[in-house]
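One structure is given below, encoded as structure tokens.
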Amino acid sequence: MRDWDFSPPPESDLGDREISLAGTHLQGKRIALLITGSIAAMKAPFVARALRRQGADVVAFASLEALRYTTIDTLEWSTTNPVVTKLTAAAEHLSDADPFAAYLVAPATYNTINKMRYGIADGVISSTLGSAIGRMERGKTQILLAPTMHGSLHNSILTESLQQLQTMGVKIIPPRIDYGKNNLPAEEDIVSAVCRAVNNSSLQGIRILVTGGATPVPIDNVRLLTNRFTGQLGIEIAQELYLRGANVKLIHGKSSFLPPAFLPQQIINTYAEYREQVLAELASKLYRFGIFSAAVADYQPETVFPGKIPSGVLKTINLVPTAKVIAEVRAKFPHLEMVTFKYQENISHEQLMEIARARLNQGYQVVIANRGDEKGVNGEQIAYLVTNQTPPLKMISKPGIAKAIADYLEIQLNSSIIDSKE
């Protein structure tokens, strides 16, 4: 623990109840947060603020049982909206004047889930859900449940209810299973599910493979040759696509940056694992796009020592080129639309563009090119999206690069839809 000199915190531009945005996937969306009578209701204010970090306008509906574990003041502070605790002449459960993009029940108790399945509407939560189901069946909203209860309550009745609700179109957020209980998932897992549910991107359901991070090569059983790339950009790209509803798989080189748990992922330890996993994944499923941001090893030792080389013995390492994975992918999967990356140092911008265009001439659709010595005013990564169809697009920061790539893929999909109709 560090010592504190009792200095006051620096001033902030944020007001007391304001939040800093982590994204805009819920910008302009009203989300109803329905809170039921579980001890996990104490976490509802954190869920509300996590939703707001993606731009959502959150309104909390709380049962009297839920208010045993959280308070109206806390929920009002965290949502910045009045809390609905009972139904009045304003018909809060209908929300006709200002409809919700989604209804999120978190936590969703055994009692609420089964009432919902059988259409019981005897309180503020169940009545609101009755109306929400009607809206969902008309394609006007989404409903998500985060089942949260002790393991002994997870019986055949609950299973049947969840299956029935899922068949109706309700989205079930898998619980975090621990200590014999269905626990409320982490806030980021809940928010990612809501983002995917309400997103109307053309990337919805499109299968995309993303790679990122380093791909070390072994020298012996304990030593590796690697590079300094962490895979943070690959994570940003995969997350942006996932939140837009894409069917994403991330193959990520193990590093200090780990992907969030909600992202479908495969962690690899070596170049050999990377090559094997990429080729196997593409062979097993029909992917529309492949985004190859991994820093793939160009060389590997000619021989790998079996065991540990004694200290002081190793004087030289004979290196041989590795197989070019993107070239193998291009040859084996000609249908795949590929986004590849090119990193250079100590060259001019014009030279970088020439290198990127040469890569395009090898049959790749997009090249993301950057120079290590070109940074933004705050040290952000700068890169260029280069294609044969449009002028190079300058992108600033890893989140900015991820959004630009996702926007480009959306444009490609929208164009192909238009072409197919003509």
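How things are named: the first chain in the structure tokens is A, the next is B, and so on; residues count from 1 in each chain; ligands count from 1 in the order shown.
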For Val198 (chain A), list every protein, DNA or RNA residue within 10 Å, evaluated using only C-alpha atoms, and leave out those in the same chain fewer than 4 positions away; present the list as a list in words.
His25, Leu26, Lys29, Ile31, Ala101, Ala102, Thr141, Gln142, Ile143, Ala193, Val194, Leu243, Arg244 and Gly245 of chain A
What parts of region 185-411 of chain A does DSSP call alpha helix (DSSP H)? I'd like the answer as a VMD selection string.
chain A and resid 187 to 198 232 to 243 271 to 284 325 to 332 349 to 360 398 to 411
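Proximity of A:Pro107, A:Pro399, A:Pro260, A:Gly290 to Pro175 (chain A), computed with only C-alpha atoms, is greatest for A:Pro107.
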Please report, as a VMD selection string, each residue of region 2-248 of chain A to which DSSP assigns strand (DSSP E) when run on this structure's backbone.
chain A and resid 30 to 35 57 to 62 102 to 108 142 to 147 149 to 150 171 to 172 176 to 178 181 to 183 207 to 212 217 to 218 224 to 225 247 to 248
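Distances here use only C-alpha atoms; by that measure, the residue among A:Ile39, A:Leu129, A:Leu64, A:Leu409 closest to Ile291 (chain A) is A:Leu409.
If only C-alpha atoms are the atoms counted, then among A:Met338, A:Val217, A:Ile401, A:Ile251 the closest residue to Ala369 (chain A) is A:Ile401.
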Excluding Arg207 (chain A) and residues on its chain fewer than 3 positions from it, collect all residues at most 7 Å away from it, counting only C-alpha atoms, and give them as a tab-separated table (two decimals) with C-alpha atoms, in the first residue's frame.
chain	number	residue	atom	x	y	z
A	246	ALA	CA	-20.59	-10.15	-35.43
A	247	ASN	CA	-19.87	-13.83	-34.86
A	248	VAL	CA	-16.24	-13.27	-33.82
A	287	TYR	CA	-15.67	-17.17	-42.40
A	288	ARG	CA	-16.55	-14.04	-44.40
A	289	PHE	CA	-13.64	-11.90	-43.13
A:Lys115, A:Lys315, A:Lys285, A:Arg275 ranked by distance to Val329 (chain A), top pick (using only C-alpha atoms):
A:Arg275
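Excluding Ala261 (chain A) itself and any same-chain residue fewer than 6 positions from it, the protein and nucleic acid residues within 12 Å of it, counting only C-alpha atoms, are Arg176, Pro185, Ala186, Glu187, Glu188, Asp189, Ile190, Ser192, Ile235, Gln239, Leu250 and Ile267 of chain A.
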One decimal, Å: what's the distance from CA of Leu224 (chain A) over to CA of Glu236 (chain A), could you say?
25.9 Å
Record the distance separating CA of Asp16 (chain A) and CA of Gly400 (chain A), expressed in Å with one decimal.
28.0 Å
Glu18 (chain A): which residues within 12 Å, counting only C-alpha atoms, same-chain residues fewer than 6 positions away excluded, as a list in words?
Ser12, Arg49, Ala50, Arg52, Arg53, Gly55, Asp57, Trp77, Ser78, Thr79 and Thr80 of chain A
Now that the selection is made, can you save its residues with N, CA and C atoms as a short mmCIF file (atom, residue, chain, number, x, y, z; two decimals), in the first residue's frame?
data_model
loop_
_atom_site.label_atom_id
_atom_site.label_comp_id
_atom_site.auth_asym_id
_atom_site.auth_seq_id
_atom_site.Cartn_x
_atom_site.Cartn_y
_atom_site.Cartn_z
N SER A 12 -12.09 17.46 -11.60
CA SER A 12 -12.54 16.75 -12.78
C SER A 12 -13.62 17.56 -13.49
N ARG A 49 -24.53 1.92 -14.26
CA ARG A 49 -23.46 2.83 -14.69
C ARG A 49 -22.65 2.22 -15.83
N ALA A 50 -22.49 0.90 -15.83
CA ALA A 50 -21.78 0.25 -16.94
C ALA A 50 -22.56 0.41 -18.25
N ARG A 52 -24.51 2.92 -18.91
CA ARG A 52 -24.37 4.34 -19.26
C ARG A 52 -23.01 4.62 -19.90
N ARG A 53 -22.00 3.85 -19.55
CA ARG A 53 -20.67 4.07 -20.16
C ARG A 53 -20.68 3.75 -21.65
N GLY A 55 -23.29 4.74 -23.37
CA GLY A 55 -24.18 5.78 -23.88
C GLY A 55 -25.64 5.58 -23.59
N ASP A 57 -29.39 5.45 -21.90
CA ASP A 57 -30.25 6.14 -20.94
C ASP A 57 -30.98 5.05 -20.17
N TRP A 77 -29.37 7.77 -8.22
CA TRP A 77 -28.05 8.39 -8.42
C TRP A 77 -27.33 7.74 -9.60
N SER A 78 -27.40 6.41 -9.68
CA SER A 78 -26.62 5.70 -10.69
C SER A 78 -27.25 5.77 -12.08
N THR A 79 -28.57 5.98 -12.17
CA THR A 79 -29.24 6.07 -13.48
C THR A 79 -29.51 7.51 -13.90
N THR A 80 -29.58 8.43 -12.95
CA THR A 80 -29.98 9.84 -13.14
C THR A 80 -31.44 9.96 -13.56
#
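Here CA of Leu209 (chain A) stands at a distance of 23.0 Å from CA of Arg357 (chain A).
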When you look at Glu276 (chain A) with a cut-off of 12 Å (counting only C-alpha atoms), what residues show up, excluding the ones that are within fewer than 6 positions of it in the same chain? I need them as number ranges by chain.
A: 215, 251, 266, 268-270, 282-283, 323, 325, 328-329
Writing out the chosen residues with N, CA and C atoms as a CSV table (one decimal), in the first residue's frame:
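New file part.csv:
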chain,number,residue,atom,x,y,z
A,215,THR,N,3.6,-14.1,-31.5
A,215,THR,CA,3.7,-15.6,-31.7
A,215,THR,C,5.1,-16.1,-31.5
A,251,ILE,N,-8.1,-15.3,-32.1
A,251,ILE,CA,-6.9,-16.1,-31.8
A,251,ILE,C,-5.8,-15.1,-31.3
A,266,GLN,N,-9.3,-18.0,-28.4
A,266,GLN,CA,-8.3,-19.1,-28.3
A,266,GLN,C,-7.0,-18.5,-28.0
A,268,ILE,N,-3.0,-18.7,-27.7
A,268,ILE,CA,-1.9,-19.5,-28.2
A,268,ILE,C,-0.6,-19.1,-27.5
A,269,ASN,N,0.3,-20.0,-27.5
A,269,ASN,CA,1.6,-19.7,-26.8
A,269,ASN,C,2.8,-19.6,-27.7
A,270,THR,N,2.7,-20.2,-28.9
A,270,THR,CA,3.8,-20.2,-29.9
A,270,THR,C,3.4,-20.0,-31.3
A,282,LEU,N,-10.2,-21.8,-39.8
A,282,LEU,CA,-10.7,-21.4,-41.1
A,282,LEU,C,-11.3,-22.6,-41.9
A,283,ALA,N,-10.7,-23.8,-41.7
A,283,ALA,CA,-11.1,-25.0,-42.4
A,283,ALA,C,-12.4,-25.5,-41.8
A,323,ALA,N,7.1,-20.2,-42.2
A,323,ALA,CA,6.1,-20.1,-43.2
A,323,ALA,C,5.2,-18.9,-43.0
A,325,VAL,N,2.0,-17.2,-42.8
A,325,VAL,CA,0.6,-17.7,-42.5
A,325,VAL,C,-0.4,-17.1,-43.4
A,328,GLU,N,-0.4,-18.6,-46.7
A,328,GLU,CA,-1.1,-19.9,-46.7
A,328,GLU,C,-2.6,-19.8,-46.7
A,329,VAL,N,-3.0,-18.8,-45.9
A,329,VAL,CA,-4.5,-18.6,-45.8
A,329,VAL,C,-5.0,-18.1,-47.2
When you look at Ala402 (chain A) with a cut-off of 12 Å (counting only C-alpha atoms), what residues show up, excluding the ones that are within fewer than 3 positions of it in the same chain? I need them as number ranges by chain.
A: 23, 210, 232-244, 291, 293, 339, 368, 381-385, 395-399, 405-409
